[in-house]
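Trainee: Just dropping this structure here.
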Amino acid sequence: MAKRWLITGCSSGLGRALAARLAAEGEQVVATARRPETLDGLVARHPSNVLVAALDVRDPAQCAAAVGRAVDAFGGVDVLVNNAAYGQFGTFEEVSDAELAAQFDTNVFGPWRLTRAVLPVWRTQRCGHAIFVSSVAGMVPFPGLAAYTASKFAVEGAAESLAAEAGHLGVKVTILQPGGFATGYSANLAMPEHRIADYTPVSDGLLGALRSMNTRAEVNSPELFADVVWRLGQLESPPLRLPVGSDSETFLEAAYDARRSEYDQVVKAGHHTLA
């Protein structure tokens, strides 16, 4: 039986690839984008099972309208994919209040407000699956991506809280942790208004790597992401966390090992008794 999907950020990249894969599989899809005309081709190829909704996740009214469109057209929502996001470059000191607020409004508050709009539907259905597209940056700090990293840490905390709070209502939660993918992420990277030369030794290497990411043969394809999420949506008991891409597994394994090692050292040294 076809599932009913609501996906954010479908104009390009991971969201576009996912919407196309789901449509080809015969799933019912509400694909959203800030500029819905970017999805005309997708709708033309799949007119019977793809609908488009204009959605800027920073707009509460548009969030409510997108959920309403899914309910009106398909009778409900089975899977919500919170994919829309962007990267704010800059070290901790370089990122202004306005830049930090904008980063969180899209990457954290957007998924929160949209998921909150879907939850009444899921409470009625007594089922639903919230998928949050995080990043390896949700576990691994990258110098020069302080705001983006903080937003992904926050998304993961919100998603884990939702899993603890709504599991008894039949709501499932999965946090996706992609590595590097050939998308428009690097091209759309927001730069801080003010740069500080003292930080360039630790941040410019990453900036160069991000800007050249799509040229590297080993970078993951959006189609890989789409395949993983399609298969994830079929699981009766999906995992809470799921790395996507072999590079993601490498980064995350190192992060887990480092945290465990640090924890063990602190406990053995007795620092936990200082309080």
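In the structure tokens, the first chain shown is A, the next is B, and so on; residue numbers restart at 1 for each chain, and ligands run from 1 in the order shown.
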Name the residues of range 161-268 of chain A that fall into strand (DSSP E) according to DSSP on the backbone, using the chain letters and numbers of this document, as a list in words.

Mentor: Val171, Lys172, Val173, Thr174, Ile175, Leu176, Gln177, Pro178, Arg241, Leu242, Pro243 and Val244 of chain A

Trainee: Could you list, as a list in words, every residue within 8 Å of Leu22 in chain A, counting only C-alpha atoms and ignoring same-chain residues fewer than 6 positions away?

Mentor: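 Near neighbours after the sequence-gap exclusion: Gln28, Val29 and Trp230 of chain A.
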
Trainee: Would you mind listing what lies within 9 Å of Ser134 in chain A as a PyMOL selection string, with only C-alpha atoms counted and same-chain residues fewer than 6 positions away left out?

Mentor: chain A and resi 82-83+151-153+155-156+175-178

Trainee: How about saving the chosen residues, all heavy atoms kept, as an mmCIF file, in the first residue's frame?

Mentor:
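Result file follows (again_4.cif):
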```cif
data_model
loop_
_atom_site.group_PDB
_atom_site.id
_atom_site.type_symbol
_atom_site.label_atom_id
_atom_site.label_comp_id
_atom_site.auth_asym_id
_atom_site.auth_seq_id
_atom_site.Cartn_x
_atom_site.Cartn_y
_atom_site.Cartn_z
ATOM 1 N N ASN A 82 11.826 16.138 7.091
ATOM 2 C CA ASN A 82 12.313 17.502 7.333
ATOM 3 C C ASN A 82 13.701 17.624 6.730
ATOM 4 O O ASN A 82 14.704 17.319 7.370
ATOM 5 C CB ASN A 82 12.361 17.777 8.846
ATOM 6 C CG ASN A 82 10.993 17.979 9.441
ATOM 7 O OD1 ASN A 82 10.258 18.889 9.044
ATOM 8 N ND2 ASN A 82 10.624 17.134 10.398
ATOM 9 N N ASN A 83 13.736 18.074 5.485
ATOM 10 C CA ASN A 83 14.989 18.122 4.738
ATOM 11 C C ASN A 83 15.508 19.541 4.511
ATOM 12 O O ASN A 83 16.717 19.752 4.420
ATOM 13 C CB ASN A 83 14.788 17.415 3.387
ATOM 14 C CG ASN A 83 15.922 17.672 2.422
ATOM 15 O OD1 ASN A 83 17.051 17.231 2.624
ATOM 16 N ND2 ASN A 83 15.623 18.426 1.360
ATOM 17 N N SER A 151 23.111 24.059 14.946
ATOM 18 C CA SER A 151 21.729 23.818 14.519
ATOM 19 C C SER A 151 21.451 22.325 14.379
ATOM 20 O O SER A 151 20.360 21.859 14.722
ATOM 21 C CB SER A 151 21.447 24.549 13.201
ATOM 22 O OG SER A 151 22.022 23.900 12.073
ATOM 23 N N LYS A 152 22.421 21.570 13.898
ATOM 24 C CA LYS A 152 22.202 20.138 13.730
ATOM 25 C C LYS A 152 22.246 19.401 15.070
ATOM 26 O O LYS A 152 21.499 18.431 15.270
ATOM 27 C CB LYS A 152 23.232 19.568 12.748
ATOM 28 C CG LYS A 152 23.029 20.042 11.317
ATOM 29 C CD LYS A 152 21.625 19.748 10.798
ATOM 30 C CE LYS A 152 21.460 20.109 9.336
ATOM 31 N NZ LYS A 152 20.092 19.819 8.834
ATOM 32 N N PHE A 153 23.088 19.854 16.002
ATOM 33 C CA PHE A 153 23.034 19.300 17.360
ATOM 34 C C PHE A 153 21.640 19.533 17.945
ATOM 35 O O PHE A 153 21.055 18.662 18.604
ATOM 36 C CB PHE A 153 24.089 19.965 18.237
ATOM 37 C CG PHE A 153 25.418 19.273 18.288
ATOM 38 C CD1 PHE A 153 26.237 19.222 17.161
ATOM 39 C CD2 PHE A 153 25.873 18.682 19.448
ATOM 40 C CE1 PHE A 153 27.482 18.603 17.205
ATOM 41 C CE2 PHE A 153 27.109 18.057 19.506
ATOM 42 C CZ PHE A 153 27.924 18.016 18.373
ATOM 43 N N VAL A 155 18.753 20.016 16.327
ATOM 44 C CA VAL A 155 17.759 19.185 15.639
ATOM 45 C C VAL A 155 17.757 17.775 16.222
ATOM 46 O O VAL A 155 16.688 17.181 16.443
ATOM 47 C CB VAL A 155 18.042 19.148 14.123
ATOM 48 C CG1 VAL A 155 17.339 17.976 13.463
ATOM 49 C CG2 VAL A 155 17.590 20.450 13.473
ATOM 50 N N GLU A 156 18.933 17.242 16.469
ATOM 51 C CA GLU A 156 18.996 15.880 17.002
ATOM 52 C C GLU A 156 18.414 15.806 18.413
ATOM 53 O O GLU A 156 17.730 14.840 18.769
ATOM 54 C CB GLU A 156 20.435 15.364 16.958
ATOM 55 C CG GLU A 156 20.957 15.263 15.529
ATOM 56 C CD GLU A 156 22.092 14.273 15.357
ATOM 57 O OE1 GLU A 156 22.407 13.550 16.331
ATOM 58 O OE2 GLU A 156 22.641 14.205 14.241
ATOM 59 N N ILE A 175 16.599 10.015 12.827
ATOM 60 C CA ILE A 175 17.552 11.090 12.552
ATOM 61 C C ILE A 175 18.529 10.574 11.502
ATOM 62 O O ILE A 175 19.271 9.622 11.756
ATOM 63 C CB ILE A 175 18.319 11.486 13.821
ATOM 64 C CG1 ILE A 175 17.361 11.946 14.914
ATOM 65 C CG2 ILE A 175 19.358 12.562 13.515
ATOM 66 C CD1 ILE A 175 17.997 11.981 16.302
ATOM 67 N N LEU A 176 18.506 11.172 10.322
ATOM 68 C CA LEU A 176 19.465 10.814 9.283
ATOM 69 C C LEU A 176 20.729 11.654 9.455
ATOM 70 O O LEU A 176 20.650 12.860 9.694
ATOM 71 C CB LEU A 176 18.872 11.058 7.899
ATOM 72 C CG LEU A 176 17.631 10.250 7.535
ATOM 73 C CD1 LEU A 176 17.160 10.632 6.136
ATOM 74 C CD2 LEU A 176 17.902 8.756 7.611
ATOM 75 N N GLN A 177 21.885 11.023 9.297
ATOM 76 C CA GLN A 177 23.166 11.702 9.470
ATOM 77 C C GLN A 177 24.004 11.533 8.201
ATOM 78 O O GLN A 177 24.935 10.736 8.154
ATOM 79 C CB GLN A 177 23.891 11.148 10.693
ATOM 80 C CG GLN A 177 23.113 11.374 11.997
ATOM 81 C CD GLN A 177 23.761 10.704 13.188
ATOM 82 O OE1 GLN A 177 23.979 9.498 13.194
ATOM 83 N NE2 GLN A 177 24.078 11.476 14.211
ATOM 84 N N PRO A 178 23.681 12.306 7.151
ATOM 85 C CA PRO A 178 24.422 12.168 5.891
ATOM 86 C C PRO A 178 25.835 12.707 6.002
ATOM 87 O O PRO A 178 26.116 13.642 6.761
ATOM 88 C CB PRO A 178 23.606 13.020 4.905
ATOM 89 C CG PRO A 178 22.297 13.287 5.579
ATOM 90 C CD PRO A 178 22.582 13.261 7.046
#
```

Trainee: Could you give me, as a list in words, the residues within 6 Å of range 209-216 of chain A, counting only C-alpha atoms and dropping anything in the same chain fewer than 3 positions from it?

Mentor: Ala182, Ser186, Leu206 and Val219 of chain A

Trainee: Do a neighbour search on Leu100 in chain A at 9 Å with only C-alpha atoms, toss out local chain neighbours closer than 4 positions, and write the hits as a ChimeraX atom specification.

Mentor: /A:88,95-96,104-105,147-148

Trainee: Using only N, CA and C atoms, please write the residues we just selected to a file, as a short mmCIF file (atom, residue, chain, number, x, y, z; two decimals), in the first residue's frame.

Mentor:
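Everything below was put into out_32.cif:
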```cif
data_model
loop_
_atom_site.label_atom_id
_atom_site.label_comp_id
_atom_site.auth_asym_id
_atom_site.auth_seq_id
_atom_site.Cartn_x
_atom_site.Cartn_y
_atom_site.Cartn_z
N GLN A 88 25.41 27.93 7.16
CA GLN A 88 26.00 29.22 7.47
C GLN A 88 27.46 28.99 7.79
N VAL A 95 30.17 34.78 13.38
CA VAL A 95 28.74 34.72 13.06
C VAL A 95 27.97 35.72 13.93
N SER A 96 27.22 36.60 13.27
CA SER A 96 26.46 37.63 13.99
C SER A 96 25.18 37.06 14.57
N PHE A 104 19.13 29.16 12.64
CA PHE A 104 18.24 28.36 13.48
C PHE A 104 16.79 28.44 13.01
N ASP A 105 16.38 29.56 12.44
CA ASP A 105 14.99 29.68 11.99
C ASP A 105 14.69 28.66 10.91
N ALA A 147 27.72 27.67 13.51
CA ALA A 147 26.27 27.86 13.56
C ALA A 147 25.55 26.66 12.97
N TYR A 148 26.04 26.16 11.85
CA TYR A 148 25.42 24.99 11.22
C TYR A 148 25.51 23.78 12.14
#
```

Trainee: One decimal, Å: what's the distance from CA of Gly110 in chain A over to CA of Ser237 in chain A, could you say?

Mentor: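 Going from CA of Gly110 in chain A over to CA of Ser237 in chain A covers 25.8 Å.
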
Trainee: Quick one, how far is CA of Val244 in chain A from CA of Asp59 in chain A?

Mentor: 28.9 Å

Trainee: Please determine, counting only C-alpha atoms, which residue among A:Ala44, A:Ile131, A:Val57, A:Ala31 has the shortest atom-to-atom distance to Leu232 in chain A.

Mentor: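 Among the listed residues, A:Ile131 lies closest to Leu232 in chain A.
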